[in-house]
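One file, my_file_19.txt, carrying compact mmCIF, N, CA and C atoms:
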```
# COMPACT_ATOMS: atom_id res chain seq x y z
N GLN A 169 -16.57 -22.98 -6.22
CA GLN A 169 -15.73 -22.24 -5.29
C GLN A 169 -14.28 -22.71 -5.45
N VAL A 170 -13.39 -21.77 -5.60
CA VAL A 170 -11.98 -22.12 -5.78
C VAL A 170 -11.33 -22.35 -4.43
N GLN A 171 -10.45 -23.32 -4.37
CA GLN A 171 -9.62 -23.57 -3.18
C GLN A 171 -8.17 -23.30 -3.55
N LEU A 172 -7.48 -22.59 -2.65
CA LEU A 172 -6.10 -22.19 -2.90
C LEU A 172 -5.22 -22.61 -1.74
N VAL A 173 -4.05 -23.14 -2.06
CA VAL A 173 -3.11 -23.57 -1.03
C VAL A 173 -1.73 -23.01 -1.35
N GLU A 174 -1.25 -22.14 -0.45
CA GLU A 174 0.07 -21.53 -0.64
C GLU A 174 1.15 -22.39 0.00
N ALA A 175 2.36 -22.25 -0.52
CA ALA A 175 3.53 -22.92 0.05
C ALA A 175 4.77 -22.12 -0.31
N GLY A 176 5.85 -22.37 0.44
CA GLY A 176 7.14 -21.77 0.08
C GLY A 176 7.64 -20.68 0.99
N GLY A 177 6.87 -20.29 1.98
CA GLY A 177 7.34 -19.27 2.89
C GLY A 177 8.44 -19.78 3.80
N GLY A 178 9.00 -18.87 4.58
CA GLY A 178 10.04 -19.27 5.50
C GLY A 178 10.83 -18.08 6.01
N LEU A 179 11.94 -18.40 6.66
CA LEU A 179 12.83 -17.38 7.22
C LEU A 179 14.05 -17.25 6.30
N VAL A 180 14.37 -16.03 5.93
CA VAL A 180 15.50 -15.79 5.03
C VAL A 180 16.20 -14.50 5.45
N GLN A 181 17.47 -14.43 5.18
CA GLN A 181 18.21 -13.21 5.49
C GLN A 181 17.96 -12.15 4.42
N ALA A 182 18.12 -10.91 4.81
CA ALA A 182 17.99 -9.81 3.85
C ALA A 182 18.91 -10.06 2.66
N GLY A 183 18.39 -9.79 1.47
CA GLY A 183 19.13 -10.05 0.25
C GLY A 183 18.88 -11.42 -0.35
N GLY A 184 18.24 -12.28 0.40
CA GLY A 184 17.96 -13.63 -0.07
C GLY A 184 16.74 -13.70 -0.96
N SER A 185 16.40 -14.94 -1.31
CA SER A 185 15.28 -15.19 -2.22
C SER A 185 14.38 -16.29 -1.69
N LEU A 186 13.12 -16.20 -2.08
CA LEU A 186 12.14 -17.25 -1.82
C LEU A 186 11.22 -17.34 -3.03
N ARG A 187 10.67 -18.53 -3.22
CA ARG A 187 9.67 -18.71 -4.28
C ARG A 187 8.41 -19.28 -3.65
N LEU A 188 7.34 -18.52 -3.74
CA LEU A 188 6.06 -18.97 -3.24
C LEU A 188 5.28 -19.62 -4.38
N SER A 189 4.48 -20.61 -4.01
CA SER A 189 3.60 -21.22 -4.99
C SER A 189 2.19 -21.28 -4.40
N CYS A 190 1.22 -21.36 -5.30
CA CYS A 190 -0.18 -21.42 -4.90
C CYS A 190 -0.89 -22.36 -5.85
N ALA A 191 -1.37 -23.46 -5.31
CA ALA A 191 -2.08 -24.46 -6.11
C ALA A 191 -3.58 -24.23 -5.99
N ALA A 192 -4.24 -24.24 -7.15
CA ALA A 192 -5.67 -23.95 -7.19
C ALA A 192 -6.46 -25.18 -7.61
N SER A 193 -7.67 -25.27 -7.11
CA SER A 193 -8.59 -26.33 -7.52
C SER A 193 -10.01 -25.81 -7.37
N GLY A 194 -10.94 -26.48 -8.02
CA GLY A 194 -12.33 -26.14 -7.82
C GLY A 194 -13.00 -25.37 -8.92
N ARG A 195 -12.21 -24.74 -9.81
CA ARG A 195 -12.80 -24.09 -10.97
C ARG A 195 -11.71 -23.94 -12.02
N THR A 196 -12.06 -23.45 -13.18
CA THR A 196 -11.13 -23.38 -14.31
C THR A 196 -10.07 -22.32 -14.04
N PHE A 197 -8.92 -22.76 -13.61
CA PHE A 197 -7.85 -21.86 -13.18
C PHE A 197 -7.48 -20.87 -14.27
N SER A 198 -7.38 -21.33 -15.49
CA SER A 198 -6.86 -20.50 -16.58
C SER A 198 -7.80 -19.36 -16.96
N SER A 199 -9.01 -19.35 -16.43
CA SER A 199 -9.99 -18.32 -16.79
C SER A 199 -9.93 -17.08 -15.90
N TYR A 200 -9.11 -17.15 -14.85
CA TYR A 200 -9.14 -16.10 -13.83
C TYR A 200 -7.76 -15.48 -13.61
N ALA A 201 -7.76 -14.16 -13.47
CA ALA A 201 -6.55 -13.51 -13.01
C ALA A 201 -6.25 -13.94 -11.58
N MET A 202 -4.97 -13.89 -11.21
CA MET A 202 -4.55 -14.29 -9.88
C MET A 202 -3.74 -13.17 -9.24
N GLY A 203 -3.84 -13.08 -7.94
CA GLY A 203 -3.08 -12.07 -7.23
C GLY A 203 -2.37 -12.63 -6.02
N TRP A 204 -1.27 -11.99 -5.67
CA TRP A 204 -0.59 -12.23 -4.41
C TRP A 204 -0.74 -10.97 -3.55
N PHE A 205 -1.21 -11.17 -2.34
CA PHE A 205 -1.34 -10.10 -1.36
C PHE A 205 -0.42 -10.41 -0.18
N ARG A 206 -0.19 -9.41 0.65
CA ARG A 206 0.52 -9.65 1.90
C ARG A 206 -0.07 -8.77 2.99
N GLN A 207 0.10 -9.25 4.21
CA GLN A 207 -0.38 -8.49 5.36
C GLN A 207 0.63 -8.61 6.50
N ALA A 208 1.16 -7.47 6.88
CA ALA A 208 2.08 -7.40 8.01
C ALA A 208 1.29 -7.06 9.26
N PRO A 209 1.81 -7.39 10.43
CA PRO A 209 1.09 -7.09 11.67
C PRO A 209 0.74 -5.61 11.78
N GLY A 210 -0.52 -5.34 12.08
CA GLY A 210 -0.96 -3.97 12.26
C GLY A 210 -1.19 -3.20 10.98
N LYS A 211 -1.04 -3.87 9.85
CA LYS A 211 -1.21 -3.19 8.56
C LYS A 211 -2.33 -3.84 7.76
N GLU A 212 -2.82 -3.08 6.78
CA GLU A 212 -3.86 -3.62 5.92
C GLU A 212 -3.26 -4.59 4.90
N ARG A 213 -4.11 -5.48 4.41
CA ARG A 213 -3.68 -6.38 3.35
C ARG A 213 -3.47 -5.57 2.08
N GLU A 214 -2.35 -5.81 1.41
CA GLU A 214 -2.02 -5.04 0.21
C GLU A 214 -1.69 -5.97 -0.95
N LEU A 215 -2.03 -5.51 -2.14
CA LEU A 215 -1.69 -6.27 -3.33
C LEU A 215 -0.20 -6.16 -3.59
N VAL A 216 0.43 -7.29 -3.81
CA VAL A 216 1.85 -7.34 -4.15
C VAL A 216 2.02 -7.46 -5.66
N ALA A 217 1.25 -8.38 -6.26
CA ALA A 217 1.36 -8.60 -7.70
C ALA A 217 0.10 -9.27 -8.22
N ARG A 218 -0.17 -9.04 -9.47
CA ARG A 218 -1.34 -9.64 -10.13
C ARG A 218 -0.93 -10.04 -11.53
N ILE A 219 -1.47 -11.17 -11.98
CA ILE A 219 -1.24 -11.62 -13.35
C ILE A 219 -2.58 -11.92 -13.98
N SER A 220 -2.74 -11.49 -15.21
CA SER A 220 -4.01 -11.68 -15.90
C SER A 220 -4.23 -13.14 -16.25
N TRP A 221 -5.48 -13.47 -16.60
CA TRP A 221 -5.82 -14.84 -16.93
C TRP A 221 -5.03 -15.30 -18.16
N SER A 222 -4.73 -14.36 -19.07
CA SER A 222 -4.02 -14.70 -20.30
C SER A 222 -2.50 -14.62 -20.15
N ARG A 223 -2.02 -14.23 -18.98
CA ARG A 223 -0.59 -14.04 -18.70
C ARG A 223 0.01 -12.84 -19.44
N SER A 224 -0.81 -12.08 -20.15
CA SER A 224 -0.29 -10.97 -20.94
C SER A 224 -0.02 -9.71 -20.13
N THR A 225 -0.62 -9.63 -18.97
CA THR A 225 -0.52 -8.41 -18.16
C THR A 225 -0.15 -8.75 -16.73
N THR A 226 0.83 -8.03 -16.21
CA THR A 226 1.18 -8.15 -14.80
C THR A 226 1.20 -6.76 -14.17
N HIS A 227 0.95 -6.73 -12.88
CA HIS A 227 1.01 -5.48 -12.12
C HIS A 227 1.74 -5.75 -10.81
N TYR A 228 2.58 -4.80 -10.42
CA TYR A 228 3.33 -4.95 -9.18
C TYR A 228 3.18 -3.70 -8.32
N ALA A 229 3.19 -3.92 -7.02
CA ALA A 229 3.29 -2.80 -6.10
C ALA A 229 4.63 -2.11 -6.31
N ASP A 230 4.67 -0.82 -6.14
CA ASP A 230 5.91 -0.07 -6.34
C ASP A 230 7.03 -0.61 -5.45
N SER A 231 6.68 -1.06 -4.27
CA SER A 231 7.68 -1.49 -3.31
C SER A 231 8.40 -2.78 -3.72
N VAL A 232 7.85 -3.52 -4.67
CA VAL A 232 8.47 -4.79 -5.06
C VAL A 232 8.90 -4.83 -6.52
N LYS A 233 8.63 -3.77 -7.26
CA LYS A 233 9.00 -3.75 -8.68
C LYS A 233 10.50 -3.97 -8.85
N GLY A 234 10.85 -4.84 -9.79
CA GLY A 234 12.25 -5.14 -10.05
C GLY A 234 12.82 -6.21 -9.16
N ARG A 235 12.07 -6.60 -8.11
CA ARG A 235 12.55 -7.64 -7.18
C ARG A 235 11.68 -8.89 -7.22
N PHE A 236 10.39 -8.71 -7.41
CA PHE A 236 9.44 -9.83 -7.40
C PHE A 236 8.94 -10.08 -8.82
N THR A 237 8.65 -11.36 -9.10
CA THR A 237 8.07 -11.73 -10.39
C THR A 237 6.94 -12.70 -10.17
N ILE A 238 5.79 -12.37 -10.72
CA ILE A 238 4.64 -13.28 -10.67
C ILE A 238 4.55 -14.04 -11.98
N SER A 239 4.21 -15.31 -11.90
CA SER A 239 4.04 -16.12 -13.10
C SER A 239 2.98 -17.17 -12.81
N ARG A 240 2.51 -17.81 -13.86
CA ARG A 240 1.50 -18.85 -13.69
C ARG A 240 1.76 -19.97 -14.68
N GLU A 241 1.41 -21.16 -14.25
CA GLU A 241 1.54 -22.34 -15.09
C GLU A 241 0.16 -22.99 -15.12
N ASN A 242 -0.59 -22.66 -16.16
CA ASN A 242 -1.99 -23.09 -16.20
C ASN A 242 -2.14 -24.61 -16.26
N ALA A 243 -1.19 -25.28 -16.87
CA ALA A 243 -1.26 -26.74 -16.95
C ALA A 243 -1.17 -27.39 -15.57
N LYS A 244 -0.58 -26.66 -14.62
CA LYS A 244 -0.45 -27.18 -13.26
C LYS A 244 -1.37 -26.47 -12.27
N ASN A 245 -2.23 -25.57 -12.79
CA ASN A 245 -3.14 -24.81 -11.91
C ASN A 245 -2.39 -24.13 -10.77
N THR A 246 -1.27 -23.53 -11.11
CA THR A 246 -0.39 -22.97 -10.08
C THR A 246 0.08 -21.57 -10.47
N VAL A 247 0.12 -20.70 -9.48
CA VAL A 247 0.70 -19.38 -9.64
C VAL A 247 1.88 -19.27 -8.69
N TYR A 248 2.91 -18.54 -9.15
CA TYR A 248 4.15 -18.42 -8.39
C TYR A 248 4.46 -16.95 -8.09
N LEU A 249 5.24 -16.75 -7.05
CA LEU A 249 5.80 -15.44 -6.77
C LEU A 249 7.28 -15.64 -6.44
N GLN A 250 8.13 -15.24 -7.36
CA GLN A 250 9.57 -15.29 -7.12
C GLN A 250 9.98 -13.98 -6.46
N MET A 251 10.58 -14.10 -5.30
CA MET A 251 10.95 -12.92 -4.51
C MET A 251 12.47 -12.90 -4.34
N ASN A 252 13.11 -11.89 -4.92
CA ASN A 252 14.55 -11.72 -4.83
C ASN A 252 14.88 -10.44 -4.06
N SER A 253 16.13 -10.35 -3.63
CA SER A 253 16.60 -9.16 -2.91
C SER A 253 15.64 -8.78 -1.78
N LEU A 254 15.28 -9.76 -1.00
CA LEU A 254 14.29 -9.54 0.05
C LEU A 254 14.79 -8.57 1.11
N LYS A 255 13.86 -7.80 1.64
CA LYS A 255 14.14 -6.80 2.66
C LYS A 255 13.33 -7.11 3.91
N PRO A 256 13.79 -6.64 5.06
CA PRO A 256 13.00 -6.87 6.29
C PRO A 256 11.56 -6.36 6.16
N GLU A 257 11.35 -5.30 5.42
CA GLU A 257 9.99 -4.78 5.27
C GLU A 257 9.10 -5.65 4.40
N ASP A 258 9.65 -6.69 3.81
CA ASP A 258 8.84 -7.66 3.08
C ASP A 258 8.23 -8.71 4.01
N THR A 259 8.60 -8.68 5.28
CA THR A 259 8.07 -9.63 6.25
C THR A 259 6.56 -9.47 6.38
N ALA A 260 5.83 -10.57 6.18
CA ALA A 260 4.37 -10.54 6.20
C ALA A 260 3.86 -11.95 5.98
N VAL A 261 2.56 -12.11 6.14
CA VAL A 261 1.89 -13.32 5.67
C VAL A 261 1.45 -13.05 4.24
N TYR A 262 1.81 -13.95 3.35
CA TYR A 262 1.50 -13.81 1.94
C TYR A 262 0.33 -14.72 1.57
N TYR A 263 -0.63 -14.15 0.85
CA TYR A 263 -1.83 -14.86 0.43
C TYR A 263 -1.97 -14.82 -1.08
N CYS A 264 -2.44 -15.90 -1.65
CA CYS A 264 -2.86 -15.81 -3.04
C CYS A 264 -4.38 -15.77 -3.07
N ALA A 265 -4.89 -15.21 -4.16
CA ALA A 265 -6.33 -15.06 -4.31
C ALA A 265 -6.66 -15.05 -5.79
N ALA A 266 -7.88 -15.47 -6.08
CA ALA A 266 -8.35 -15.53 -7.46
C ALA A 266 -9.35 -14.42 -7.73
N ASP A 267 -9.23 -13.81 -8.88
CA ASP A 267 -10.23 -12.81 -9.29
C ASP A 267 -11.61 -13.44 -9.21
N ARG A 268 -12.58 -12.67 -8.77
CA ARG A 268 -13.92 -13.24 -8.61
C ARG A 268 -14.69 -13.30 -9.93
N VAL A 269 -14.14 -12.66 -10.98
CA VAL A 269 -14.79 -12.62 -12.29
C VAL A 269 -13.82 -13.18 -13.32
N ALA A 270 -14.31 -14.05 -14.18
CA ALA A 270 -13.47 -14.65 -15.21
C ALA A 270 -13.25 -13.69 -16.37
N PHE A 271 -12.11 -13.86 -17.01
CA PHE A 271 -11.80 -13.19 -18.28
C PHE A 271 -11.93 -11.67 -18.24
N ARG A 272 -11.62 -11.05 -17.16
CA ARG A 272 -11.74 -9.60 -17.14
C ARG A 272 -10.39 -8.90 -16.99
N SER A 273 -10.34 -7.72 -17.57
CA SER A 273 -9.22 -6.81 -17.36
C SER A 273 -9.71 -5.69 -16.45
N VAL A 274 -8.88 -5.29 -15.51
CA VAL A 274 -9.30 -4.25 -14.57
C VAL A 274 -8.23 -3.18 -14.48
N ASP A 275 -8.65 -2.02 -14.00
CA ASP A 275 -7.67 -0.97 -13.79
C ASP A 275 -6.93 -1.24 -12.49
N VAL A 276 -5.89 -0.46 -12.25
CA VAL A 276 -5.03 -0.72 -11.10
C VAL A 276 -5.79 -0.58 -9.78
N ALA A 277 -6.65 0.42 -9.71
CA ALA A 277 -7.40 0.64 -8.47
C ALA A 277 -8.26 -0.58 -8.13
N THR A 278 -8.90 -1.13 -9.13
CA THR A 278 -9.73 -2.32 -8.92
C THR A 278 -8.86 -3.51 -8.54
N ALA A 279 -7.74 -3.65 -9.22
CA ALA A 279 -6.85 -4.79 -8.97
C ALA A 279 -6.36 -4.80 -7.52
N ARG A 280 -6.25 -3.63 -6.92
CA ARG A 280 -5.71 -3.54 -5.56
C ARG A 280 -6.74 -3.83 -4.48
N ARG A 281 -8.01 -3.91 -4.85
CA ARG A 281 -9.05 -4.10 -3.84
C ARG A 281 -9.21 -5.58 -3.51
N ALA A 282 -9.03 -5.93 -2.26
CA ALA A 282 -9.10 -7.33 -1.84
C ALA A 282 -10.48 -7.93 -2.09
N ASN A 283 -11.53 -7.13 -2.05
CA ASN A 283 -12.88 -7.68 -2.24
C ASN A 283 -13.19 -7.99 -3.70
N GLU A 284 -12.23 -7.74 -4.61
CA GLU A 284 -12.39 -8.14 -6.00
C GLU A 284 -11.88 -9.57 -6.22
N TYR A 285 -11.46 -10.22 -5.14
CA TYR A 285 -10.91 -11.57 -5.22
C TYR A 285 -11.69 -12.50 -4.30
N ASP A 286 -11.64 -13.77 -4.59
CA ASP A 286 -12.21 -14.74 -3.67
C ASP A 286 -11.31 -15.96 -3.60
N GLY A 287 -11.75 -16.92 -2.85
CA GLY A 287 -10.99 -18.16 -2.72
C GLY A 287 -9.65 -17.99 -2.05
N TRP A 288 -9.55 -17.16 -1.06
CA TRP A 288 -8.28 -16.90 -0.40
C TRP A 288 -7.69 -18.15 0.21
N GLY A 289 -6.35 -18.27 0.08
CA GLY A 289 -5.65 -19.36 0.73
C GLY A 289 -5.43 -19.05 2.20
N GLN A 290 -4.76 -19.98 2.88
CA GLN A 290 -4.54 -19.82 4.32
C GLN A 290 -3.37 -18.92 4.64
N GLY A 291 -2.55 -18.63 3.63
CA GLY A 291 -1.42 -17.75 3.83
C GLY A 291 -0.15 -18.51 4.17
N THR A 292 0.98 -17.92 3.84
CA THR A 292 2.28 -18.48 4.19
C THR A 292 3.16 -17.36 4.72
N GLN A 293 3.82 -17.63 5.84
CA GLN A 293 4.62 -16.60 6.52
C GLN A 293 5.97 -16.44 5.83
N VAL A 294 6.32 -15.19 5.55
CA VAL A 294 7.64 -14.85 5.05
C VAL A 294 8.28 -13.91 6.06
N THR A 295 9.43 -14.30 6.57
CA THR A 295 10.15 -13.49 7.54
C THR A 295 11.55 -13.21 7.01
N VAL A 296 11.90 -11.93 6.92
CA VAL A 296 13.20 -11.53 6.41
C VAL A 296 13.98 -10.88 7.54
N SER A 297 15.09 -11.48 7.90
CA SER A 297 15.90 -10.95 9.00
C SER A 297 16.96 -10.00 8.46
N SER A 298 17.29 -9.01 9.28
CA SER A 298 18.30 -8.02 8.85
C SER A 298 19.70 -8.43 9.23
```
Show this structure as structure tokens.
Amino acid sequence: QVQLVEAGGGLVQAGGSLRLSCAASGRTFSSYAMGWFRQAPGKERELVARISWSRSTTHYADSVKGRFTISRENAKNTVYLQMNSLKPEDTAVYYCAADRVAFRSVDVATARRANEYDGWGQGTQVTVSS
């Protein structure tokens, strides 16, 4: 069972930047794709970004394309989310999650489904003020 711990959230003004990190333990990190999700009050959890196990493929929600960058450092068992040009609508709790299947490539619809991931972290709050 994978354990995930997020860090890096906080309060930032619109236009600012934050870098989230997620440290993984409990299984071979480099074998699994990783995703960042977010959930705002009253809304469903949504995929923000996903990076493949090989780092060759990334996917972003349309709302964050060009502003957010997902990356991973397998030697440190860590995945990152660099968030630039933040907007008030980015305010949410951000979660990282690990693909439940190793070494797989999935289509976008599958990548967006939260039940395709396991080992959810506790989440980190990101608040963007206007």
From A:Ala282, A:Met202, A:Cys264, A:Val232, residue lying nearest Ser220 (chain A) [only N, CA and C atoms]: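 When distances to Ser220 (chain A) are compared using only N, CA and C atoms, the smallest one comes from A:Met202.
Ranking A:Ser198, A:Ser231, A:Gln181, A:Thr295 by their shortest atom-to-atom distance to Ala260 (chain A), with all atoms listed in the file included, puts A:Thr295 first.
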Pairwise distance for atom N of Val173 (chain A) and atom N of Ser298 (chain A), rounded to one decimal in Å: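 A separation of 28.0 Å between them.
Shortest separation to Phe271 (chain A) among A:Ser189, A:Ser199, A:Gln171, A:Gln207 occurs at residue A:Ser199, atoms counted being only N, CA and C atoms.
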Can you pull out every residue within 12 Å of Thr278 (chain A), counting only C-alpha atoms, but drop anything in the same chain fewer than 3 positions away, and send it as a ChimeraX atom specification? /A:203,215,218,227,267-269,272-275,281-285
Output file for the residues above (N, CA and C atoms, as a compact mmCIF listing (two decimals), keeping the file's coordinate frame):
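Saved file result00.txt follows:
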```txt
# COMPACT_ATOMS: atom_id res chain seq x y z
N GLY A 203 -3.84 -13.08 -7.94
CA GLY A 203 -3.08 -12.07 -7.23
C GLY A 203 -2.37 -12.63 -6.02
N LEU A 215 -2.03 -5.51 -2.14
CA LEU A 215 -1.69 -6.27 -3.33
C LEU A 215 -0.20 -6.16 -3.59
N ARG A 218 -0.17 -9.04 -9.47
CA ARG A 218 -1.34 -9.64 -10.13
C ARG A 218 -0.93 -10.04 -11.53
N HIS A 227 0.95 -6.73 -12.88
CA HIS A 227 1.01 -5.48 -12.12
C HIS A 227 1.74 -5.75 -10.81
N ASP A 267 -9.23 -13.81 -8.88
CA ASP A 267 -10.23 -12.81 -9.29
C ASP A 267 -11.61 -13.44 -9.21
N ARG A 268 -12.58 -12.67 -8.77
CA ARG A 268 -13.92 -13.24 -8.61
C ARG A 268 -14.69 -13.30 -9.93
N VAL A 269 -14.14 -12.66 -10.98
CA VAL A 269 -14.79 -12.62 -12.29
C VAL A 269 -13.82 -13.18 -13.32
N ARG A 272 -11.62 -11.05 -17.16
CA ARG A 272 -11.74 -9.60 -17.14
C ARG A 272 -10.39 -8.90 -16.99
N SER A 273 -10.34 -7.72 -17.57
CA SER A 273 -9.22 -6.81 -17.36
C SER A 273 -9.71 -5.69 -16.45
N VAL A 274 -8.88 -5.29 -15.51
CA VAL A 274 -9.30 -4.25 -14.57
C VAL A 274 -8.23 -3.18 -14.48
N ASP A 275 -8.65 -2.02 -14.00
CA ASP A 275 -7.67 -0.97 -13.79
C ASP A 275 -6.93 -1.24 -12.49
N ARG A 281 -8.01 -3.91 -4.85
CA ARG A 281 -9.05 -4.10 -3.84
C ARG A 281 -9.21 -5.58 -3.51
N ALA A 282 -9.03 -5.93 -2.26
CA ALA A 282 -9.10 -7.33 -1.84
C ALA A 282 -10.48 -7.93 -2.09
N ASN A 283 -11.53 -7.13 -2.05
CA ASN A 283 -12.88 -7.68 -2.24
C ASN A 283 -13.19 -7.99 -3.70
N GLU A 284 -12.23 -7.74 -4.61
CA GLU A 284 -12.39 -8.14 -6.00
C GLU A 284 -11.88 -9.57 -6.22
N TYR A 285 -11.46 -10.22 -5.14
CA TYR A 285 -10.91 -11.57 -5.22
C TYR A 285 -11.69 -12.50 -4.30
```
Using DSSP secondary structure from the backbone, list all strand (DSSP E) positions within chain A, as a ChimeraX atom specification. /A:171-175,178-181,186-193,202-207,214-219,226-228,236-241,246-251,260-267,285-286,292-297
Looking only at alpha helix (DSSP H) from DSSP on the backbone, list the matching residues of region 244-280 of chain A as an mmCIF file with N, CA and C atoms, in the coordinates of the input.
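Dumped to selection.cif:
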```cif
data_model
loop_
_atom_site.group_PDB
_atom_site.id
_atom_site.type_symbol
_atom_site.label_atom_id
_atom_site.label_comp_id
_atom_site.auth_asym_id
_atom_site.auth_seq_id
_atom_site.Cartn_x
_atom_site.Cartn_y
_atom_site.Cartn_z
ATOM 1 N N VAL A 276 -5.890 -0.460 -12.250
ATOM 2 C CA VAL A 276 -5.030 -0.720 -11.100
ATOM 3 C C VAL A 276 -5.790 -0.580 -9.780
ATOM 4 N N ALA A 277 -6.650 0.420 -9.710
ATOM 5 C CA ALA A 277 -7.400 0.640 -8.470
ATOM 6 C C ALA A 277 -8.260 -0.580 -8.130
ATOM 7 N N THR A 278 -8.900 -1.130 -9.130
ATOM 8 C CA THR A 278 -9.730 -2.320 -8.920
ATOM 9 C C THR A 278 -8.860 -3.510 -8.540
ATOM 10 N N ALA A 279 -7.740 -3.650 -9.220
ATOM 11 C CA ALA A 279 -6.850 -4.790 -8.970
ATOM 12 C C ALA A 279 -6.360 -4.800 -7.520
#
```
For the point (7.9, -8.1, 1.6) in the file's frame, write as number ranges by chain all residues with an atom no more than 8 Å away, counting all atoms listed in the file. A: 206, 231-232, 254-260, 294, 296
As lines of an AutoDock Vina configuration file, please: the centre and edge lengths in Å, to one decimal, of an axis-aligned box enclosing every listed atom of region 264-267 of chain A with 4 Å added on each side.
```
center_x = -7.0
center_y = -14.4
center_z = -5.5
size_x = 17.2
size_y = 11.1
size_z = 15.6
```
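The space separating atom C of Thr225 (chain A) from atom C of Phe205 (chain A) comes to 16.6 Å.
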Figure out the distance between CA of Tyr228 (chain A) and CA of Leu186 (chain A), please, to one decimal in Å. 16.8 Å
Counting all atoms listed in the file, which residue out of A:Gln169, A:Gln250, A:Gly176, A:Thr237 sits closest to Gln293 (chain A)?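 Smallest separation from Gln293 (chain A) among the options: A:Gly176.
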From (-8.5, -22.1, -10.3), in the file's coordinates, out to 8 Å: which residues are reached, counting all atoms listed in the file? Answer as a ChimeraX atom specification. /A:169-172,191-200,245-246,266
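Among the candidates A:Arg235, A:Tyr262, A:Gly287, A:Leu249, the one nearest to Ile219 (chain A) when counting only C-alpha atoms is A:Leu249.
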